[in-house]
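A.B. asks: Quick one: the structure is below, questions incoming.
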Amino acid sequence: MKSSLHKLHGGIFITGTDTGVGKTHVTCEIARVLRNEGIDVGVMKPVETGAIAGADDHLRLAEAAAVSDPPELICPYLLREPLAPSVAARIEGKTIRAGVIKKAFQKLLRRHKVVLVEGAGGLMVPLKGKYTYAELIKELSLPVVVVAADRLGVINHTLLTCETLVQKGLQLTGVVLNRMPEFQDQSARYNFELLRRLLNVPVVVCETSLEKSAIQHLFRVLLVKASLP
C-alpha cells in the first residue's frame, strides 16, 4: 500500500535561517526518503557559490535523488567565490537571471513528480540587485521548508525567518531543527519544545537522518491539501 507521501507533487523550496545550518543534508534526507518510497524526485540548487573551495552541494543532491539530469538544470549558476550569490556573480562578470532558473525548474518539473529546490544562505539573500530568494520563491509559487541549526540563537533566527515568509505571502510548510554535533549546546534541551509551541506549523528534528514519519509530519499541510477534492 502506498504511503501518503505519494500525494505530493510539484516543487518544494528548502531555505535556511543562515548559511551552514545543514540545508543540503536535510534536502538530501528528504530526497532519500521520497526515493525509497518509490517517488520520482528531482533536485535543484539554482545558485551554488564557493566552487573554488570545493563546494559540491548540487552533486550531493543529485546523488541522494539518484538522478542524472543535466548539470545546467540542477545548478544553473555554479560560482567560484564563497560569497553571496549576487556578489560572487559580479566578481565573475555574470548576472543571475531569474528567467534562466525558472526555465530550468520547469524542465525538471516535467521530468519528475516532485522537485526539491535548495536555496543558498537564507531567505533574503540577494540574487541580483534587490531581487532575493523570497521573490524567486513567490514567482515559482513554491511551499517552503525552513532548516535551522539546533543551537543558541535558533529561536530568534527561526521566528524572524518564518515571520518574513508570512509577510511576503509565502506558504510556510514546516521547520526542520537540525541537530549538528559541532553546534550542540545547552539550548538544544529546550529549542524543539519552544519552537513547537511558538509556531503553527510542524516542527521536526533531524538528528543524523529523517524518518518517513517525520517527513509525513513535515509535509502534513501539503498532504492535506493534496487530499482535498
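The chains in the C-alpha cells are called A, B, ... from first to last as shown; in each chain the residues are counted from 1, and the ligands are counted from 1 in the order shown.
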When DSSP is applied to the backbone of this structure, which of segment 45-229 of chain A are assigned helix (DSSP H, G or I)? Write them out as a ChimeraX atom specification.

C.D. replies: /A:51-53,57-65,71-74,85-91,98-111,133-140,154-167,181-183,186-189,191-198,212-218,220-227

A.B. asks: Those residues with C-alpha atoms, as a compact mmCIF listing (two decimals), in the first residue's frame please?

C.D. replies:
```txt
# COMPACT_ATOMS: atom_id res chain seq x y z
CA ALA A 51 33.17 26.19 -6.17
CA ILE A 52 36.78 27.34 -5.76
CA ALA A 53 36.70 25.88 -2.25
CA ASP A 57 26.07 20.62 -2.79
CA HIS A 58 24.44 20.10 -6.19
CA LEU A 59 26.37 16.84 -6.65
CA ARG A 60 25.30 15.59 -3.22
CA LEU A 61 21.69 16.39 -4.04
CA ALA A 62 21.87 14.55 -7.37
CA GLU A 63 23.42 11.51 -5.68
CA ALA A 64 20.76 11.44 -2.95
CA ALA A 65 17.95 11.59 -5.51
CA PRO A 71 24.10 19.74 -14.56
CA GLU A 72 22.84 23.02 -16.02
CA LEU A 73 19.32 22.13 -14.87
CA ILE A 74 20.32 21.02 -11.38
CA PRO A 85 25.27 34.94 -4.98
CA SER A 86 24.95 38.49 -6.33
CA VAL A 87 28.50 39.34 -5.20
CA ALA A 88 30.04 36.09 -6.45
CA ALA A 89 28.33 36.57 -9.82
CA ARG A 90 29.50 40.17 -10.13
CA ILE A 91 33.11 39.15 -9.49
CA ALA A 98 15.51 34.55 -12.69
CA GLY A 99 14.23 33.51 -16.11
CA VAL A 100 17.08 31.01 -16.53
CA ILE A 101 16.34 29.49 -13.12
CA LYS A 102 12.60 29.31 -13.76
CA LYS A 103 13.08 27.60 -17.14
CA ALA A 104 15.41 25.03 -15.58
CA PHE A 105 12.89 24.38 -12.80
CA GLN A 106 10.04 23.85 -15.27
CA LYS A 107 12.13 21.37 -17.23
CA LEU A 108 12.89 19.42 -14.06
CA LEU A 109 9.21 19.50 -13.12
CA ARG A 110 8.37 17.83 -16.44
CA ARG A 111 10.92 15.10 -15.65
CA TYR A 133 15.28 34.20 -2.90
CA ALA A 134 11.96 35.33 -1.41
CA GLU A 135 10.96 36.89 -4.75
CA LEU A 136 12.12 33.79 -6.64
CA ILE A 137 10.07 31.50 -4.36
CA LYS A 138 6.99 33.67 -4.87
CA GLU A 139 7.37 33.61 -8.65
CA LEU A 140 7.79 29.82 -8.59
CA VAL A 154 17.86 29.44 16.82
CA ILE A 155 14.58 30.67 18.32
CA ASN A 156 15.08 34.26 17.18
CA HIS A 157 16.53 33.28 13.78
CA THR A 158 13.71 30.84 13.06
CA LEU A 159 10.88 33.14 14.14
CA LEU A 160 12.29 36.02 12.09
CA THR A 161 12.61 33.82 9.00
CA CYS A 162 9.09 32.42 9.42
CA GLU A 163 7.60 35.88 10.05
CA THR A 164 9.27 37.23 6.91
CA LEU A 165 7.92 34.30 4.89
CA VAL A 166 4.38 35.05 6.02
CA GLN A 167 4.75 38.80 5.48
CA PRO A 181 27.17 17.79 16.67
CA GLU A 182 29.56 20.72 16.19
CA PHE A 183 26.92 23.18 17.42
CA GLN A 186 22.62 23.59 26.47
CA SER A 187 19.85 25.26 24.46
CA ALA A 188 19.27 22.04 22.49
CA ARG A 189 17.38 20.68 25.51
CA ASN A 191 14.69 24.60 21.45
CA PHE A 192 12.38 21.98 19.96
CA GLU A 193 9.58 22.30 22.51
CA LEU A 194 9.78 26.09 22.46
CA LEU A 195 9.58 26.29 18.66
CA ARG A 196 6.76 23.75 18.63
CA ARG A 197 4.74 25.99 20.97
CA LEU A 198 5.55 29.23 19.15
CA LYS A 212 9.39 8.67 6.87
CA SER A 213 7.07 9.57 9.74
CA ALA A 214 8.94 12.86 10.27
CA ILE A 215 8.68 13.71 6.56
CA GLN A 216 4.96 12.93 6.60
CA HIS A 217 4.51 15.25 9.58
CA LEU A 218 6.67 17.94 7.96
CA ARG A 220 1.24 17.48 6.68
CA VAL A 221 -0.23 20.70 5.27
CA LEU A 222 0.71 19.76 1.70
CA LEU A 223 -0.65 16.23 2.12
CA VAL A 224 -3.96 17.52 3.47
CA LYS A 225 -4.25 19.97 0.59
CA ALA A 226 -3.50 17.17 -1.89
CA SER A 227 -6.36 15.14 -0.40
```

A.B. asks: Show me a table, sorted first by chain and then by increasing residue number, of the residues of segment 68-141 of chain A having an atom at most 12 Å from segment 18-41 of chain A, each with its shortest atom pair and the distance in Å to one decimal, counting only C-alpha atoms and written as a tab-separated table.

C.D. replies:
```
residue	atom	partner	partner_atom	distance
A:Ser68	CA	A:Val41	CA	11.5
A:Asp69	CA	A:Val41	CA	11.2
A:Pro82	CA	A:Thr19	CA	10.8
A:Leu83	CA	A:Thr19	CA	10.5
A:Ala84	CA	A:Thr19	CA	10.0
A:Leu108	CA	A:Val41	CA	9.5
A:Leu109	CA	A:Val41	CA	9.3
A:Arg110	CA	A:Asp40	CA	11.1
A:Arg111	CA	A:Asp40	CA	8.6
A:His112	CA	A:Asp40	CA	5.4
A:Lys113	CA	A:Asp40	CA	5.4
A:Val114	CA	A:Val41	CA	4.8
A:Val115	CA	A:Val41	CA	5.6
A:Leu116	CA	A:Thr27	CA	7.2
A:Val117	CA	A:Thr27	CA	8.3
A:Glu118	CA	A:Thr27	CA	7.1
A:Gly119	CA	A:Lys23	CA	8.1
A:Ala120	CA	A:Thr19	CA	7.1
A:Gly121	CA	A:Thr19	CA	4.2
A:Gly122	CA	A:Asp18	CA	5.0
A:Leu123	CA	A:Asp18	CA	8.4
A:Met124	CA	A:Asp18	CA	9.8
A:Val125	CA	A:Asp18	CA	9.5
```

A.B. asks: Would you put the residues from that selection into a file with N, CA and C atoms, as a JSON list (two decimals), in the first residue's frame?

C.D. replies:
```
[["chain", "number", "residue", "atom", "x", "y", "z"],
["A", 68, "SER", "N", 20.10, 11.73, -13.03],
["A", 68, "SER", "CA", 21.17, 12.01, -14.00],
["A", 68, "SER", "C", 20.77, 13.16, -14.90],
["A", 69, "ASP", "N", 20.04, 14.12, -14.32],
["A", 69, "ASP", "CA", 19.63, 15.30, -15.08],
["A", 69, "ASP", "C", 20.85, 16.12, -15.46],
["A", 82, "PRO", "N", 33.13, 31.93, -2.42],
["A", 82, "PRO", "CA", 32.19, 31.60, -1.34],
["A", 82, "PRO", "C", 31.57, 32.87, -0.75],
["A", 83, "LEU", "N", 30.76, 33.54, -1.57],
["A", 83, "LEU", "CA", 30.15, 34.81, -1.18],
["A", 83, "LEU", "C", 28.66, 34.78, -1.50],
["A", 84, "ALA", "N", 27.95, 35.84, -1.14],
["A", 84, "ALA", "CA", 26.54, 35.94, -1.51],
["A", 84, "ALA", "C", 26.43, 35.83, -3.03],
["A", 108, "LEU", "N", 12.77, 20.48, -15.07],
["A", 108, "LEU", "CA", 12.89, 19.42, -14.06],
["A", 108, "LEU", "C", 11.51, 18.93, -13.62],
["A", 109, "LEU", "N", 10.57, 19.86, -13.54],
["A", 109, "LEU", "CA", 9.21, 19.50, -13.12],
["A", 109, "LEU", "C", 8.54, 18.59, -14.15],
["A", 110, "ARG", "N", 8.92, 18.73, -15.41],
["A", 110, "ARG", "CA", 8.37, 17.83, -16.44],
["A", 110, "ARG", "C", 9.01, 16.45, -16.37],
["A", 111, "ARG", "N", 10.20, 16.38, -15.75],
["A", 111, "ARG", "CA", 10.92, 15.10, -15.65],
["A", 111, "ARG", "C", 10.56, 14.32, -14.39],
["A", 112, "HIS", "N", 10.13, 15.03, -13.33],
["A", 112, "HIS", "CA", 9.94, 14.39, -12.03],
["A", 112, "HIS", "C", 8.61, 14.79, -11.41],
["A", 113, "LYS", "N", 8.10, 13.93, -10.54],
["A", 113, "LYS", "CA", 6.84, 14.20, -9.84],
["A", 113, "LYS", "C", 7.01, 15.29, -8.79],
["A", 114, "VAL", "N", 8.13, 15.23, -8.07],
["A", 114, "VAL", "CA", 8.45, 16.21, -7.03],
["A", 114, "VAL", "C", 9.84, 16.76, -7.29],
["A", 115, "VAL", "N", 10.02, 18.07, -7.15],
["A", 115, "VAL", "CA", 11.34, 18.68, -7.30],
["A", 115, "VAL", "C", 11.67, 19.47, -6.03],
["A", 116, "LEU", "N", 12.77, 19.10, -5.38],
["A", 116, "LEU", "CA", 13.24, 19.80, -4.19],
["A", 116, "LEU", "C", 14.23, 20.88, -4.62],
["A", 117, "VAL", "N", 13.96, 22.11, -4.24],
["A", 117, "VAL", "CA", 14.82, 23.24, -4.63],
["A", 117, "VAL", "C", 15.48, 23.80, -3.38],
["A", 118, "GLU", "N", 16.81, 23.75, -3.34],
["A", 118, "GLU", "CA", 17.54, 24.24, -2.17],
["A", 118, "GLU", "C", 18.15, 25.61, -2.44],
["A", 119, "GLY", "N", 17.90, 26.54, -1.55],
["A", 119, "GLY", "CA", 18.48, 27.86, -1.68],
["A", 119, "GLY", "C", 19.91, 27.91, -1.17],
["A", 120, "ALA", "N", 20.52, 29.08, -1.28],
["A", 120, "ALA", "CA", 21.87, 29.31, -0.75],
["A", 120, "ALA", "C", 21.76, 30.38, 0.33],
["A", 121, "GLY", "N", 22.32, 30.11, 1.52],
["A", 121, "GLY", "CA", 22.18, 31.08, 2.60],
["A", 121, "GLY", "C", 20.75, 31.09, 3.11],
["A", 122, "GLY", "N", 20.20, 32.28, 3.28],
["A", 122, "GLY", "CA", 18.85, 32.41, 3.82],
["A", 122, "GLY", "C", 17.87, 33.01, 2.84],
["A", 123, "LEU", "N", 16.68, 33.26, 3.33],
["A", 123, "LEU", "CA", 15.56, 33.72, 2.52],
["A", 123, "LEU", "C", 15.82, 35.05, 1.83],
["A", 124, "MET", "N", 16.49, 35.97, 2.52],
["A", 124, "MET", "CA", 16.66, 37.32, 1.99],
["A", 124, "MET", "C", 18.00, 37.56, 1.30],
["A", 125, "VAL", "N", 18.70, 36.49, 0.97],
["A", 125, "VAL", "CA", 19.96, 36.62, 0.24],
["A", 125, "VAL", "C", 19.68, 37.12, -1.17]]
```

A.B. asks: Among segment 120-150 of chain A, which ones does DSSP place in strand (DSSP E or B), written as a tab-separated table (two decimals) with N, CA and C atoms, in the first residue's frame?

C.D. replies:
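Final file, part.tsv:
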```
chain	number	residue	atom	x	y	z
A	120	ALA	N	20.52	29.08	-1.28
A	120	ALA	CA	21.87	29.31	-0.75
A	120	ALA	C	21.76	30.38	0.33
A	121	GLY	N	22.32	30.11	1.52
A	121	GLY	CA	22.18	31.08	2.60
A	121	GLY	C	20.75	31.09	3.11
A	122	GLY	N	20.20	32.28	3.28
A	122	GLY	CA	18.85	32.41	3.82
A	122	GLY	C	17.87	33.01	2.84
A	126	PRO	N	20.33	38.21	-1.60
A	126	PRO	CA	20.07	38.75	-2.94
A	126	PRO	C	20.73	37.93	-4.04
A	127	LEU	N	19.96	37.75	-5.13
A	127	LEU	CA	20.49	37.08	-6.31
A	127	LEU	C	20.97	38.10	-7.34
A	128	LYS	N	20.23	39.21	-7.41
A	128	LYS	CA	20.58	40.29	-8.34
A	128	LYS	C	19.93	41.57	-7.83
A	131	TYR	N	16.64	41.75	-5.79
A	131	TYR	CA	15.87	40.53	-6.05
A	131	TYR	C	16.44	39.39	-5.22
A	132	THR	N	15.65	38.89	-4.26
A	132	THR	CA	16.13	37.87	-3.33
A	132	THR	C	15.48	36.51	-3.61
A	144	VAL	N	7.38	26.32	1.36
A	144	VAL	CA	8.74	26.45	1.89
A	144	VAL	C	8.94	25.65	3.17
A	145	VAL	N	10.08	24.96	3.23
A	145	VAL	CA	10.55	24.31	4.45
A	145	VAL	C	11.75	25.11	4.95
A	146	VAL	N	11.76	25.42	6.25
A	146	VAL	CA	12.86	26.17	6.85
A	146	VAL	C	13.75	25.22	7.65
A	147	VAL	N	15.05	25.26	7.38
A	147	VAL	CA	16.01	24.46	8.14
A	147	VAL	C	16.76	25.39	9.10
A	148	ALA	N	16.86	24.97	10.36
A	148	ALA	CA	17.54	25.76	11.38
A	148	ALA	C	18.46	24.87	12.19
A	149	ALA	N	19.64	25.37	12.54
A	149	ALA	CA	20.59	24.61	13.35
A	149	ALA	C	20.18	24.68	14.81
```
